file start.cif (mmCIF, C-alpha atoms)
data_run
loop_
_atom_site.label_atom_id
_atom_site.label_comp_id
_atom_site.auth_asym_id
_atom_site.auth_seq_id
_atom_site.Cartn_x
_atom_site.Cartn_y
_atom_site.Cartn_z
CA MET A 588 0.00 0.00 0.00
CA LYS A 589 1.25 3.49 -0.84
CA PHE A 590 0.13 6.33 1.45
CA GLN A 591 -0.24 9.81 -0.04
CA PRO A 592 -1.03 12.55 2.51
CA LEU A 593 -3.77 15.01 1.60
CA SER A 594 -3.73 18.70 2.50
CA MET A 595 -5.52 18.11 5.82
CA ASP A 596 -3.70 16.54 8.75
CA GLY A 597 -4.46 12.84 9.09
CA ALA A 598 -6.22 12.41 5.72
CA PHE A 599 -4.68 10.14 3.08
CA VAL A 600 -5.23 8.68 -0.35
CA ILE A 601 -4.05 5.09 -0.31
CA HIS A 602 -2.96 3.41 -3.53
CA LEU A 603 -2.75 -0.34 -3.89
CA ASP A 604 0.63 -1.87 -4.62
CA PRO A 605 -0.41 -4.82 -6.79
CA ILE A 606 1.73 -7.82 -7.62
CA SER A 607 0.74 -8.72 -11.18
CA ASP A 608 1.17 -11.76 -13.40
CA SER A 609 -0.68 -13.37 -16.31
CA ARG A 610 -3.65 -14.19 -14.06
CA GLY A 611 -4.21 -10.60 -12.92
CA PHE A 612 -2.96 -9.18 -9.63
CA PHE A 613 -2.93 -9.54 -5.86
CA SER A 614 -2.82 -6.64 -3.41
CA ARG A 615 -3.49 -5.83 0.23
CA LEU A 616 -6.49 -3.60 0.97
CA PHE A 617 -5.70 -3.28 4.65
CA CYS A 618 -2.71 -3.88 6.89
CA ARG A 619 -2.86 -2.99 10.59
CA GLU A 620 0.91 -2.58 10.83
CA GLU A 621 1.15 -0.24 7.82
CA MET A 622 -1.78 1.83 9.09
CA GLU A 623 -0.11 2.22 12.49
CA GLU A 624 3.23 3.13 10.85
CA HIS A 625 1.46 6.09 9.19
CA GLY A 626 -0.28 7.14 12.42
CA LEU A 627 -3.70 5.95 11.24
CA ASP A 628 -6.33 4.22 13.35
CA PRO A 629 -6.32 0.54 12.33
CA HIS A 630 -9.42 -0.42 14.33
CA ILE A 631 -12.33 -1.74 12.25
CA GLU A 632 -15.68 -2.16 13.96
CA GLN A 633 -17.83 -2.77 10.89
CA VAL A 634 -17.69 -2.95 7.11
CA ASN A 635 -20.40 -1.23 5.07
CA THR A 636 -21.30 -1.07 1.40
CA SER A 637 -23.43 1.32 -0.63
CA LEU A 638 -24.75 1.16 -4.17
CA SER A 639 -26.00 4.26 -5.96
CA ARG A 640 -27.94 3.49 -9.13
CA ASP A 641 -27.97 6.90 -10.84
CA LYS A 642 -25.12 9.07 -12.08
CA GLY A 643 -25.05 12.30 -10.09
CA THR A 644 -26.40 10.77 -6.85
CA LEU A 645 -25.09 12.71 -3.88
CA ARG A 646 -24.71 11.22 -0.38
CA GLY A 647 -23.47 13.38 2.47
CA MET A 648 -22.04 15.21 4.28
CA HIS A 649 -22.14 12.72 7.18
CA TYR A 650 -20.28 12.40 10.48
CA GLN A 651 -20.74 11.15 14.06
CA LEU A 652 -19.90 12.99 17.27
CA GLY A 653 -17.96 12.36 20.46
CA ALA A 654 -17.06 8.80 21.36
CA HIS A 655 -18.96 7.65 18.27
CA ALA A 656 -16.77 9.61 15.84
CA GLU A 657 -15.40 7.27 13.23
CA THR A 658 -12.53 6.87 10.84
CA LYS A 659 -13.37 5.46 7.43
CA LEU A 660 -11.37 3.72 4.75
CA VAL A 661 -13.41 3.95 1.53
CA ARG A 662 -12.90 2.20 -1.81
CA CYS A 663 -14.99 2.21 -4.98
CA VAL A 664 -15.44 -1.35 -6.26
CA ALA A 665 -17.79 -0.56 -9.18
CA GLY A 666 -18.30 2.61 -11.19
CA ALA A 667 -16.77 5.91 -10.09
CA VAL A 668 -17.37 8.54 -7.40
CA TYR A 669 -16.08 11.93 -6.37
CA ASP A 670 -15.33 11.50 -2.66
CA VAL A 671 -15.28 14.64 -0.49
CA ILE A 672 -13.92 15.07 3.02
CA LEU A 673 -14.61 18.17 5.14
CA ASP A 674 -12.54 19.05 8.21
CA LEU A 675 -14.96 19.74 11.09
CA ARG A 676 -12.40 19.51 13.89
CA PRO A 677 -12.83 22.81 15.79
CA ASP A 678 -9.16 23.09 16.80
CA SER A 679 -7.75 22.13 13.39
CA LEU A 680 -5.75 24.58 11.28
CA THR A 681 -7.76 23.32 8.29
CA PHE A 682 -11.19 23.58 9.96
CA GLY A 683 -13.83 24.20 7.28
CA LYS A 684 -11.60 23.13 4.40
CA TRP A 685 -12.59 20.35 2.04
CA GLU A 686 -10.86 18.15 -0.48
CA GLY A 687 -12.18 15.85 -3.20
CA VAL A 688 -10.69 12.70 -4.70
CA GLU A 689 -11.92 10.56 -7.57
CA LEU A 690 -12.29 6.90 -6.60
CA THR A 691 -12.96 4.44 -9.42
CA GLU A 692 -13.01 0.72 -9.95
CA GLU A 693 -10.11 1.22 -12.39
CA ASN A 694 -7.79 3.30 -10.19
CA ARG A 695 -8.54 1.16 -7.09
CA THR A 696 -7.68 4.16 -4.90
CA MET A 697 -8.89 4.41 -1.31
CA ILE A 698 -9.38 7.43 0.93
CA TYR A 699 -8.74 7.47 4.67
CA VAL A 700 -11.19 9.80 6.44
CA PRO A 701 -10.06 10.78 9.96
CA ARG A 702 -12.34 11.27 12.98
CA GLY A 703 -13.99 14.67 13.02
CA PHE A 704 -14.41 14.92 9.25
CA GLY A 705 -17.64 15.16 7.30
CA HIS A 706 -17.80 12.73 4.40
CA GLY A 707 -19.82 12.59 1.20
CA ILE A 708 -19.75 11.23 -2.33
CA GLN A 709 -21.22 11.98 -5.72
CA THR A 710 -21.48 9.25 -8.33
CA LEU A 711 -19.78 9.89 -11.65
CA GLU A 712 -21.19 6.74 -13.24
CA PRO A 713 -24.40 4.77 -12.75
CA ASP A 714 -24.33 1.70 -10.48
CA SER A 715 -21.41 2.89 -8.37
CA GLU A 716 -20.64 0.77 -5.32
CA LEU A 717 -18.43 1.56 -2.33
CA ILE A 718 -16.96 -0.48 0.50
CA TYR A 719 -16.37 1.32 3.84
CA LEU A 720 -14.17 -0.03 6.64
CA VAL A 721 -15.37 1.91 9.69
CA SER A 722 -13.84 2.24 13.18
CA ALA A 723 -17.12 2.73 15.09
CA ARG A 724 -20.61 1.30 14.94
CA TYR A 725 -23.37 3.50 13.61
CA ALA A 726 -24.91 5.45 16.51
CA PRO A 727 -28.11 7.26 15.44
CA GLN A 728 -28.02 9.57 18.48
CA ALA A 729 -24.55 10.79 17.45
CA GLU A 730 -25.27 11.14 13.75
CA ARG A 731 -24.93 14.56 12.20
CA GLY A 732 -24.74 15.99 8.72
CA VAL A 733 -23.94 19.23 6.99
CA ARG A 734 -25.96 20.11 3.90
CA TRP A 735 -24.01 19.24 0.73
CA ASN A 736 -24.28 22.83 -0.54
CA ASP A 737 -23.72 24.76 2.71
CA PRO A 738 -22.33 28.13 1.52
CA ARG A 739 -19.94 28.29 4.50
CA PHE A 740 -17.82 25.53 2.96
CA GLY A 741 -18.36 26.04 -0.79
CA ILE A 742 -17.85 22.42 -1.80
CA GLU A 743 -17.54 22.19 -5.59
CA TRP A 744 -19.26 19.04 -6.80
CA PRO A 745 -18.40 17.90 -10.35
CA LEU A 746 -22.04 17.45 -11.44
CA GLU A 747 -25.40 18.99 -10.65
CA PRO A 748 -26.92 16.46 -8.20
CA THR A 749 -29.60 14.24 -9.76
CA VAL A 750 -30.58 12.38 -6.57
CA VAL A 751 -30.29 13.56 -2.96
CA SER A 752 -32.19 11.77 -0.20
CA PRO A 753 -34.74 13.84 1.73
CA LYS A 754 -32.64 13.27 4.87
CA ASP A 755 -29.45 14.61 3.24
CA ALA A 756 -31.31 17.52 1.64
CA ALA A 757 -32.65 18.47 5.09
CA HIS A 758 -29.24 18.66 6.78
CA PRO A 759 -28.80 22.14 8.22
CA ASP A 760 -26.05 24.58 7.44
CA PHE A 761 -23.15 24.06 9.83
CA ASP A 762 -23.84 25.27 13.38
CA PRO A 763 -21.00 24.85 15.92
CA ALA A 764 -23.48 24.42 18.80
CA TYR A 765 -25.20 21.53 17.00
CA HIS A 766 -21.85 20.03 16.04
CA LEU A 767 -20.49 20.14 19.61
CA GLU A 768 -23.69 19.03 21.35
CA LEU A 769 -22.57 15.50 22.31
CA GLU A 770 -18.99 16.47 22.99
CA ASN A 771 -20.19 18.89 25.67
CA GLY A 772 -22.45 16.23 27.19
CA SER A 773 -25.73 17.99 26.46
CA SER A 774 -27.31 15.31 24.31
#

call {"tool": "encode", "arguments": {"input": "start.cif", "output": "structure tokens"}}
result
Amino acid sequence: MKFQPLSMDGAFVIHLDPISDSRGFFSRLFCREEMEEHGLDPHIEQVNTSLSRDKGTLRGMHYQLGAHAETKLVRCVAGAVYDVILDLRPDSLTFGKWEGVELTEENRTMIYVPRGFGHGIQTLEPDSELIYLVSARYAPQAERGVRWNDPRFGIEWPLEPTVVSPKDAAHPDFDPAYHLELENGSS
């Protein structure tokens, strides 16, 4: 695995390092030791998958608070997506900054999303499927989301969204009080 740091502390693009022959290739998707060597959380609590049927489908921007905050390792196994991470760590020098990476079944690239980041994707092809290795179980009481087009962050999506769930469309603009609610023990 080859680790390429992104512009925000703790975020990485991870490229496979395949061993190829006439049959195809073999490569690691995950290695606890290599993750730890790069200062990344190697704990995996669950593995999720999502399939988006339509090109232009937008999912996000999702995150969990407090003890339920999660790291994610995301890979596209079919189709193509534009994967966006948003730094929501209040004490971070890159708070409010975002970065996007194209993940495709051809490039086999993964993105490591640190705790405290919002995460979302937009499909670039129909029938795009992702695999997520996640460090924490889903906790509905800790779930939060920022609206995909919150003007505070100015995320530039590659396509006009064709499908956005009612839940994602209803996410509020970012509000620090809402974001910090669980961390301050008031939930």

call {"tool": "closest_residue", "arguments": {"input": "start.cif", "among": "A:Gln728, A:Asp714, A:Val668, A:Ala764", "to": "Leu746 of chain A", "atoms": "all atoms listed in the file"}}
result
A:Val668

call {"tool": "atom_distance", "arguments": {"input": "start.cif", "atom1": "atom CA of Ile631 of chain A", "atom2": "atom CA of Asp755 of chain A"}}
result
25.3 Å

call {"tool": "closest_residue", "arguments": {"input": "start.cif", "among": "A:His758, A:Arg724, A:Arg676, A:His706", "to": "Met648 of chain A", "atoms": "only C-alpha atoms"}}
result
A:His706

call {"tool": "closest_residue", "arguments": {"input": "start.cif", "among": "A:Pro713, A:Pro759, A:Pro753, A:Gly643", "to": "Arg734 of chain A", "atoms": "only C-alpha atoms"}}
result
A:Pro759

call {"tool": "residues_around", "arguments": {"input": "start.cif", "residues": "Arg619 of chain A", "least_positions_apart": "5", "cutoff": "12 Å", "atoms": "all atoms listed in the file", "output": "list in words"}}
result
Met588, Glu624, His625, Gly626, Leu627, Asp628, Pro629, His630 and Ile631 of chain A
